[in-house]
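Undergrad: The structure is given below, and queries will be raised subsequently.
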Amino acid sequence: MNQQRRSLLKYSAVFGLMASTGLISVAQAQEWNKAAFEGKSLDDVFKILGAGSPDKSSAVTLNAPDIAENGAVVPVGITTTLKAEQMAILVEKNPSALAAQFFIPAGTDSFVTTRIKMGQTSNVYALVKADGKWNMTVKEVKVTLGGCGG
């Protein structure tokens with residue numbers, strides 16, 4: 001089986017499972033933006049997400065360690081006082097810049113937490129889309145042991 005077909009089957013199964021368990025809606029599973037996750041640079045991902053040049057905002061907080069001892073499991077969270085529609089985590093020096101994207105249902109608290117992989121010390125970006133506008137903050141996270149094959 002070729003690699004493209006294997007990836008398509010894997011992602012289809014994951015999004016199908018998430019939709020069937022209610023973690024995401026069927027519509028969100030169908031509009032998954034594969035191109036954004038394949039973006040190699042921050043500018044690529046900003047363009048694909050429609051973020052243009054996001055504004056830096058004190059209303060967006062990125063919770064991440066200053067030093068990550070293991071880049072394979074770096075805890076990251078985003079909180080905001082804005083009424084978020086979407087949130088995204090980007091890692092500048094990773095092979096694929098977009099590490100995670102979240103759709104926030106109306107009426108819920110605007111925060112997410114997850115663990116990401118980082119191959120090396122890099123700037124980590126937290127993006128929040130609220131009222132149709134993208135806002136961001138950035139923090140450098142130092143990695144002592146790489147998680148992306150490093």
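Ordering of the structure tokens sets the chain letters (A, B, ...), residue numbers begin anew at 1 in every chain, and ligands are numbered from 1 in the order given.
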Write out as a list in words which residues come within 7 Å of Pro54 in chain A when counting only C-alpha atoms, dropping same-chain ones fewer than 6 positions away.
TA: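 The residues that qualify are Trp134, Asn135 and Met136 of chain A.
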Undergrad: Would you kindly return, as a PDB file with all heavy atoms, in the first residue's frame, each protein, DNA or RNA residue with an atom no farther than 8 Å from any atom of Val143 in chain A, considering only C-alpha atoms and excluding same-chain residues fewer than 2 positions away?
TA:
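As a result, around.pdb now contains:
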```pdb
ATOM      1  N   ILE A  67      11.502  25.185  29.683  1.00  0.00           N
ATOM      2  CA  ILE A  67      12.397  24.117  29.243  1.00  0.00           C
ATOM      3  C   ILE A  67      11.623  22.806  29.246  1.00  0.00           C
ATOM      4  O   ILE A  67      11.035  22.429  30.259  1.00  0.00           O
ATOM      5  CB  ILE A  67      13.631  23.989  30.168  1.00  0.00           C
ATOM      6  CG1 ILE A  67      14.435  25.295  30.151  1.00  0.00           C
ATOM      7  CG2 ILE A  67      14.491  22.807  29.755  1.00  0.00           C
ATOM      8  CD1 ILE A  67      15.585  25.326  31.142  1.00  0.00           C
ATOM      9  N   ALA A  68      11.624  22.126  28.105  1.00  0.00           N
ATOM     10  CA  ALA A  68      10.988  20.812  27.991  1.00  0.00           C
ATOM     11  C   ALA A  68      12.091  19.761  27.980  1.00  0.00           C
ATOM     12  O   ALA A  68      12.939  19.760  27.091  1.00  0.00           O
ATOM     13  CB  ALA A  68      10.164  20.730  26.717  1.00  0.00           C
ATOM     14  N   GLU A  69      12.073  18.900  28.976  1.00  0.00           N
ATOM     15  CA  GLU A  69      13.122  17.880  29.063  1.00  0.00           C
ATOM     16  C   GLU A  69      12.985  16.822  27.980  1.00  0.00           C
ATOM     17  O   GLU A  69      13.963  16.221  27.569  1.00  0.00           O
ATOM     18  CB  GLU A  69      13.117  17.238  30.447  1.00  0.00           C
ATOM     19  CG  GLU A  69      13.553  18.208  31.526  1.00  0.00           C
ATOM     20  CD  GLU A  69      13.635  17.559  32.890  1.00  0.00           C
ATOM     21  OE1 GLU A  69      13.676  16.320  32.977  1.00  0.00           O
ATOM     22  OE2 GLU A  69      13.663  18.321  33.868  1.00  0.00           O
ATOM     23  N   ASN A  70      11.764  16.586  27.523  1.00  0.00           N
ATOM     24  CA  ASN A  70      11.536  15.596  26.480  1.00  0.00           C
ATOM     25  C   ASN A  70      10.627  16.213  25.423  1.00  0.00           C
ATOM     26  O   ASN A  70       9.447  16.452  25.669  1.00  0.00           O
ATOM     27  CB  ASN A  70      10.895  14.343  27.085  1.00  0.00           C
ATOM     28  CG  ASN A  70      10.700  13.237  26.077  1.00  0.00           C
ATOM     29  OD1 ASN A  70      10.861  13.432  24.872  1.00  0.00           O
ATOM     30  ND2 ASN A  70      10.355  12.070  26.560  1.00  0.00           N
ATOM     31  N   GLY A  71      11.164  16.447  24.239  1.00  0.00           N
ATOM     32  CA  GLY A  71      10.403  17.081  23.168  1.00  0.00           C
ATOM     33  C   GLY A  71       9.267  16.237  22.627  1.00  0.00           C
ATOM     34  O   GLY A  71       8.435  16.728  21.876  1.00  0.00           O
ATOM     35  N   MET A 118       8.073  18.376  19.803  1.00  0.00           N
ATOM     36  CA  MET A 118       8.985  19.415  19.323  1.00  0.00           C
ATOM     37  C   MET A 118      10.331  18.768  19.043  1.00  0.00           C
ATOM     38  O   MET A 118      10.881  18.075  19.890  1.00  0.00           O
ATOM     39  CB  MET A 118       9.144  20.521  20.373  1.00  0.00           C
ATOM     40  CG  MET A 118       7.886  21.325  20.620  1.00  0.00           C
ATOM     41  SD  MET A 118       8.115  22.650  21.832  1.00  0.00           S
ATOM     42  CE  MET A 118       9.323  23.693  21.007  1.00  0.00           C
ATOM     43  N   GLY A 119      10.862  19.006  17.857  1.00  0.00           N
ATOM     44  CA  GLY A 119      12.133  18.423  17.470  1.00  0.00           C
ATOM     45  C   GLY A 119      13.330  19.155  18.036  1.00  0.00           C
ATOM     46  O   GLY A 119      14.404  18.583  18.165  1.00  0.00           O
ATOM     47  N   GLN A 120      13.148  20.424  18.379  1.00  0.00           N
ATOM     48  CA  GLN A 120      14.255  21.241  18.872  1.00  0.00           C
ATOM     49  C   GLN A 120      13.698  22.503  19.522  1.00  0.00           C
ATOM     50  O   GLN A 120      12.503  22.772  19.442  1.00  0.00           O
ATOM     51  CB  GLN A 120      15.182  21.612  17.712  1.00  0.00           C
ATOM     52  CG  GLN A 120      14.485  22.399  16.607  1.00  0.00           C
ATOM     53  CD  GLN A 120      15.377  22.654  15.425  1.00  0.00           C
ATOM     54  OE1 GLN A 120      16.471  23.189  15.597  1.00  0.00           O
ATOM     55  NE2 GLN A 120      14.944  22.269  14.230  1.00  0.00           N
ATOM     56  N   THR A 121      14.575  23.266  20.147  1.00  0.00           N
ATOM     57  CA  THR A 121      14.180  24.544  20.736  1.00  0.00           C
ATOM     58  C   THR A 121      13.552  25.404  19.647  1.00  0.00           C
ATOM     59  O   THR A 121      14.069  25.501  18.533  1.00  0.00           O
ATOM     60  CB  THR A 121      15.415  25.246  21.331  1.00  0.00           C
ATOM     61  OG1 THR A 121      15.921  24.427  22.390  1.00  0.00           O
ATOM     62  CG2 THR A 121      15.078  26.623  21.863  1.00  0.00           C
ATOM     63  N   SER A 122      12.416  26.021  19.979  1.00  0.00           N
ATOM     64  CA  SER A 122      11.676  26.768  18.962  1.00  0.00           C
ATOM     65  C   SER A 122      10.694  27.729  19.602  1.00  0.00           C
ATOM     66  O   SER A 122      10.329  27.582  20.767  1.00  0.00           O
ATOM     67  CB  SER A 122      10.907  25.777  18.079  1.00  0.00           C
ATOM     68  OG  SER A 122      10.180  26.439  17.076  1.00  0.00           O
ATOM     69  N   VAL A 141      10.294  27.835  23.687  1.00  0.00           N
ATOM     70  CA  VAL A 141      10.395  26.651  24.539  1.00  0.00           C
ATOM     71  C   VAL A 141      11.705  25.956  24.185  1.00  0.00           C
ATOM     72  O   VAL A 141      11.934  25.609  23.021  1.00  0.00           O
ATOM     73  CB  VAL A 141       9.193  25.693  24.342  1.00  0.00           C
ATOM     74  CG1 VAL A 141       9.373  24.433  25.168  1.00  0.00           C
ATOM     75  CG2 VAL A 141       7.889  26.394  24.697  1.00  0.00           C
ATOM     76  N   LEU A 145      15.799  17.226  24.780  1.00  0.00           N
ATOM     77  CA  LEU A 145      15.808  15.957  24.052  1.00  0.00           C
ATOM     78  C   LEU A 145      14.717  16.030  23.003  1.00  0.00           C
ATOM     79  O   LEU A 145      13.535  16.144  23.339  1.00  0.00           O
ATOM     80  CB  LEU A 145      15.540  14.779  25.011  1.00  0.00           C
ATOM     81  CG  LEU A 145      15.449  13.385  24.410  1.00  0.00           C
ATOM     82  CD1 LEU A 145      16.799  12.987  23.801  1.00  0.00           C
ATOM     83  CD2 LEU A 145      15.075  12.380  25.468  1.00  0.00           C
ATOM     84  N   GLY A 146      15.101  16.002  21.722  1.00  0.00           N
ATOM     85  CA  GLY A 146      14.149  16.178  20.633  1.00  0.00           C
ATOM     86  C   GLY A 146      13.113  15.094  20.546  1.00  0.00           C
ATOM     87  O   GLY A 146      13.357  13.938  20.878  1.00  0.00           O
TER      88      GLY A 146
END
```
Undergrad: Can you tell me, as JSON, numbers by chain, what residues are no more than 8 Å from range 34-38 of chain A when counting only C-alpha atoms, ignoring any on the same chain fewer than 6 positions away?
TA: {"A": [44, 45, 48, 49, 96, 97, 98, 99]}
Undergrad: Quote the spacing between CA of Thr113 in chain A and CA of Lys142 in chain A in Å to one decimal place.
TA: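 Distance reported for this atom pair: 18.8 Å.
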Undergrad: Give the answer as one residue: which of A:Gly132, A:Val74, A:Ile104, A:Tyr125 has the shortest atom-to-atom distance to Lys56 in chain A, using only C-alpha atoms?
TA: A:Tyr125
Undergrad: If you measure from CA of Ala106 in chain A to CA of Asp43 in chain A, what distance in Å do you get, rounded to one decimal?
TA: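 Between these atoms lies a distance of 27.9 Å.
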Undergrad: Would you kindly return, as a CSV table (one decimal) with C-alpha atoms, in the first residue's frame, each protein, DNA or RNA residue with an atom no farther than 7 Å from any atom of Ala88 in chain A, considering only C-alpha atoms and excluding same-chain residues fewer than 2 positions away?
TA:
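See selection_3.csv below for the written result:
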```csv
chain,number,residue,atom,x,y,z
A,86,GLN,CA,-10.9,28.4,16.8
A,90,LEU,CA,2.2,26.2,15.8
A,100,ALA,CA,-2.9,21.3,16.7
A,101,GLN,CA,-6.1,23.0,15.7
A,102,PHE,CA,-9.2,23.2,17.8
A,126,ALA,CA,-0.8,30.3,20.2
A,127,LEU,CA,-3.4,31.5,17.7
A,128,VAL,CA,-7.0,32.4,18.6
```
Undergrad: May I have the residues within 12 Å of Lys83 in chain A as a list of chain:residue names, using only C-alpha atoms and disregarding those fewer than 4 positions away in the same chain?
TA: A:Ala59, A:Val60, A:Thr79, A:Met87, A:Phe103, A:Ile104, A:Pro105, A:Ala106, A:Gly107, A:Thr108, A:Asp109, A:Ser110, A:Phe111, A:Val128, A:Lys129, A:Ala130, A:Asp131, A:Gly132, A:Lys133, A:Trp134, A:Asn135
Undergrad: What does the distance between CA of Val91 in chain A and CA of Lys117 in chain A come to in Å, to one decimal place?
TA: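 Calculated distance between CA of Val91 in chain A and CA of Lys117 in chain A is 8.9 Å.
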Undergrad: Need to verify the contact set: Pro75 in chain A, 8 Å, only C-alpha atoms, exclusion of same-chain residues closer than 5 positions in sequence. Can you return it as a ChimeraX atom specification?
TA: /A:64-65,113-116
Undergrad: Write a file of the just-selected residues containing N, CA and C atoms, as a tab-separated table (two decimals), in the first residue's frame.
TA:
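result.tsv was written with the following content:
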```tsv
chain	number	residue	atom	x	y	z
A	64	ALA	N	3.13	27.04	28.55
A	64	ALA	CA	4.10	26.03	28.11
A	64	ALA	C	5.34	26.17	28.99
A	65	PRO	N	6.09	25.09	29.16
A	65	PRO	CA	7.28	25.18	30.00
A	65	PRO	C	8.37	26.01	29.32
A	113	THR	N	-5.91	22.35	26.28
A	113	THR	CA	-4.61	21.84	26.70
A	113	THR	C	-4.33	20.56	25.92
A	114	THR	N	-3.09	20.33	25.61
A	114	THR	CA	-2.68	19.13	24.89
A	114	THR	C	-1.18	18.93	25.08
A	115	ARG	N	-0.66	17.91	24.47
A	115	ARG	CA	0.78	17.67	24.45
A	115	ARG	C	1.20	17.62	22.98
A	116	ILE	N	2.32	18.26	22.69
A	116	ILE	CA	2.81	18.31	21.32
A	116	ILE	C	4.23	17.76	21.26
```
Undergrad: Mind checking DSSP for range 31-115 of chain A and telling me the alpha helix (DSSP H) residues as number ranges by chain?
TA: A: 34-38, 42-49
Undergrad: Taking only C-alpha atoms into account, name the residue in A:Lys139, A:Lys47, A:Lys93, A:Lys40 that is nearest to Gly77 in chain A.
TA: A:Lys139
